[in-house]
Amino acid sequence: MLYVVRHGQTEFNAVGRWQGQCDSSLTNIGRAQASQVAGILSRQGVNESAKIVSSPLGRATQTAQIIAENLGLVHPVTLDDRLREVGMGSWDGLTDAEIEANWPNARDRLGTNEWFFHSSDGESYDEMLARVREALGELILDLTVPKIVVCHGVTSRLLRGLHCGLSKREMLDLEVPQNAAFRLSLAGSIERLS
């Protein structure tokens, strides 16, 4: 089985800053969410033999370490750069108001969550989709041991959307809770665990 988890709440999440590829530490709530997810996974039968593959960004690795410790995993956390969050270039770390003040109307008429890919110096949807597709292809090669993927909001949407063959719009509209896990079956289905 493959489980997809979004990192816990961060300091930036709490104040409405978009992180992209910059970072911010988990809050107390975020650490509690990571422990909660470990409990959810444990109740699904995930045990110490599972492997965790994480984005290298600090908020994801913090979440991965908490999950690993709570589950008593014997394997070290593996980092995969392809699982990092979308790079929004100059918009990384800013609030909606700051983006609008510096780039007026740049996000007008863009679909929900489509705007993540429209900073002039950020990552495009196609670039991110290619790296996430490559990572997913490797992740599902060997599932004899359960794997837990710890990543980010947009990354999680693309992983799950690719797995189910969803359209771009459907992918970007997927929910991204910080206190749940998603189980991806080899048959192409996804189950929310909370």
# chains A, B, ... in the order shown; residues from 1 in each chain; ligands from 1
>>> residues_around(residues="Phe117 (chain A)", least_positions_apart="4", cutoff="9 Å", atoms="only C-alpha atoms", output="PyMOL selection string")
chain A and resi 86-88+113+122-125
>>> write_last_selection(atoms="N, CA, C and O atoms", output="PDB file, in the first residue's frame")
ATOM      1  N   VAL A  86       5.439  22.996  -4.985  1.00  0.00           N
ATOM      2  CA  VAL A  86       5.589  23.823  -6.177  1.00  0.00           C
ATOM      3  C   VAL A  86       6.440  25.040  -5.829  1.00  0.00           C
ATOM      4  O   VAL A  86       6.276  25.644  -4.767  1.00  0.00           O
ATOM      5  N   GLY A  87       7.363  25.374  -6.709  1.00  0.00           N
ATOM      6  CA  GLY A  87       8.166  26.576  -6.534  1.00  0.00           C
ATOM      7  C   GLY A  87       7.439  27.754  -7.151  1.00  0.00           C
ATOM      8  O   GLY A  87       7.240  27.788  -8.362  1.00  0.00           O
ATOM      9  N   MET A  88       7.027  28.696  -6.325  1.00  0.00           N
ATOM     10  CA  MET A  88       6.286  29.854  -6.820  1.00  0.00           C
ATOM     11  C   MET A  88       7.185  31.062  -7.038  1.00  0.00           C
ATOM     12  O   MET A  88       6.711  32.185  -7.175  1.00  0.00           O
ATOM     13  N   ASN A 113      -6.688  27.344  -7.473  1.00  0.00           N
ATOM     14  CA  ASN A 113      -5.359  26.758  -7.304  1.00  0.00           C
ATOM     15  C   ASN A 113      -4.517  26.737  -8.579  1.00  0.00           C
ATOM     16  O   ASN A 113      -3.367  26.326  -8.540  1.00  0.00           O
ATOM     17  N   GLY A 122       8.355  31.286 -11.379  1.00  0.00           N
ATOM     18  CA  GLY A 122       8.047  30.062 -10.643  1.00  0.00           C
ATOM     19  C   GLY A 122       8.017  28.834 -11.546  1.00  0.00           C
ATOM     20  O   GLY A 122       8.326  28.896 -12.732  1.00  0.00           O
ATOM     21  N   GLU A 123       7.641  27.729 -10.952  1.00  0.00           N
ATOM     22  CA  GLU A 123       7.577  26.448 -11.649  1.00  0.00           C
ATOM     23  C   GLU A 123       6.250  26.337 -12.405  1.00  0.00           C
ATOM     24  O   GLU A 123       5.204  26.731 -11.889  1.00  0.00           O
ATOM     25  N   SER A 124       6.280  25.776 -13.591  1.00  0.00           N
ATOM     26  CA  SER A 124       5.045  25.594 -14.357  1.00  0.00           C
ATOM     27  C   SER A 124       4.354  24.297 -13.924  1.00  0.00           C
ATOM     28  O   SER A 124       4.971  23.405 -13.331  1.00  0.00           O
ATOM     29  N   TYR A 125       3.086  24.217 -14.241  1.00  0.00           N
ATOM     30  CA  TYR A 125       2.314  23.000 -13.955  1.00  0.00           C
ATOM     31  C   TYR A 125       2.961  21.794 -14.630  1.00  0.00           C
ATOM     32  O   TYR A 125       3.140  20.749 -14.008  1.00  0.00           O
TER      33      TYR A 125
END
>>> select_by_dssp(residues="region 41-102 of chain A", states="strand (DSSP E)", output="list in words")
Lys51, Ile52, Val53, Ser54, Thr78 and Leu79 of chain A
>>> closest_atom_pairs(of="region 122-186 of chain A", to="region 53-74 of chain A", cutoff="6 Å", atoms="only C-alpha atoms", output="JSON lines")
{"residue": "A:Val149", "atom": "CA", "partner": "A:Val53", "partner_atom": "CA", "distance": 4.9}
{"residue": "A:Val150", "atom": "CA", "partner": "A:Ser54", "partner_atom": "CA", "distance": 4.6}
{"residue": "A:Cys151", "atom": "CA", "partner": "A:Ser55", "partner_atom": "CA", "distance": 5.3}
>>> select_by_dssp(residues="chain A", states="helix (DSSP H, G or I)", output="ChimeraX atom specification")
/A:11-15,28-43,58-71,81-83,89-91,96-102,114-117,125-139,153-164,168-172
>>> residues_around(residues="Ile52 (chain A)", least_positions_apart="2", cutoff="6 Å", atoms="only C-alpha atoms", output="list of chain:residue names")
A:Val77, A:Lys147, A:Ile148, A:Val149
>>> residues_around(residues="Leu26 (chain A)", least_positions_apart="5", cutoff="7 Å", atoms="only C-alpha atoms", output="compact mmCIF listing (two decimals) with C-alpha atoms, in the first residue's frame")
# COMPACT_ATOMS: atom_id res chain seq x y z
CA GLY A 8 1.25 19.34 9.64
CA GLN A 9 0.33 22.98 10.16
CA THR A 10 3.26 25.39 9.97
CA GLU A 11 3.87 28.89 11.28
CA ARG A 31 3.17 18.41 15.55
CA ARG A 59 8.07 20.97 7.35
>>> closest_residue(among="A:Tyr3, A:Gln36, A:Glu98, A:Glu170", to="Leu186 (chain A)", atoms="only C-alpha atoms")
A:Tyr3
>>> closest_residue(among="A:Leu141, A:Val15, A:Ala101, A:Val5", to="Ala34 (chain A)", atoms="only C-alpha atoms")
A:Val5
>>> residues_around(residues="Ala180 (chain A)", least_positions_apart="6", cutoff="6 Å", atoms="only C-alpha atoms", output="compact mmCIF listing (two decimals) with N, CA and C atoms, in the first residue's frame")
# COMPACT_ATOMS: atom_id res chain seq x y z
N VAL A 37 -1.82 11.57 12.62
CA VAL A 37 -1.72 10.78 11.38
C VAL A 37 -1.02 9.46 11.66
N LEU A 193 -8.33 8.50 4.99
CA LEU A 193 -8.27 7.90 6.32
C LEU A 193 -8.16 9.03 7.33
N SER A 194 -9.12 9.11 8.23
CA SER A 194 -9.06 10.17 9.25
C SER A 194 -9.69 9.70 10.54
>>> residues_around(residues="Asp92 (chain A)", least_positions_apart="6", cutoff="7 Å", atoms="only C-alpha atoms", output="count of residues only")
5
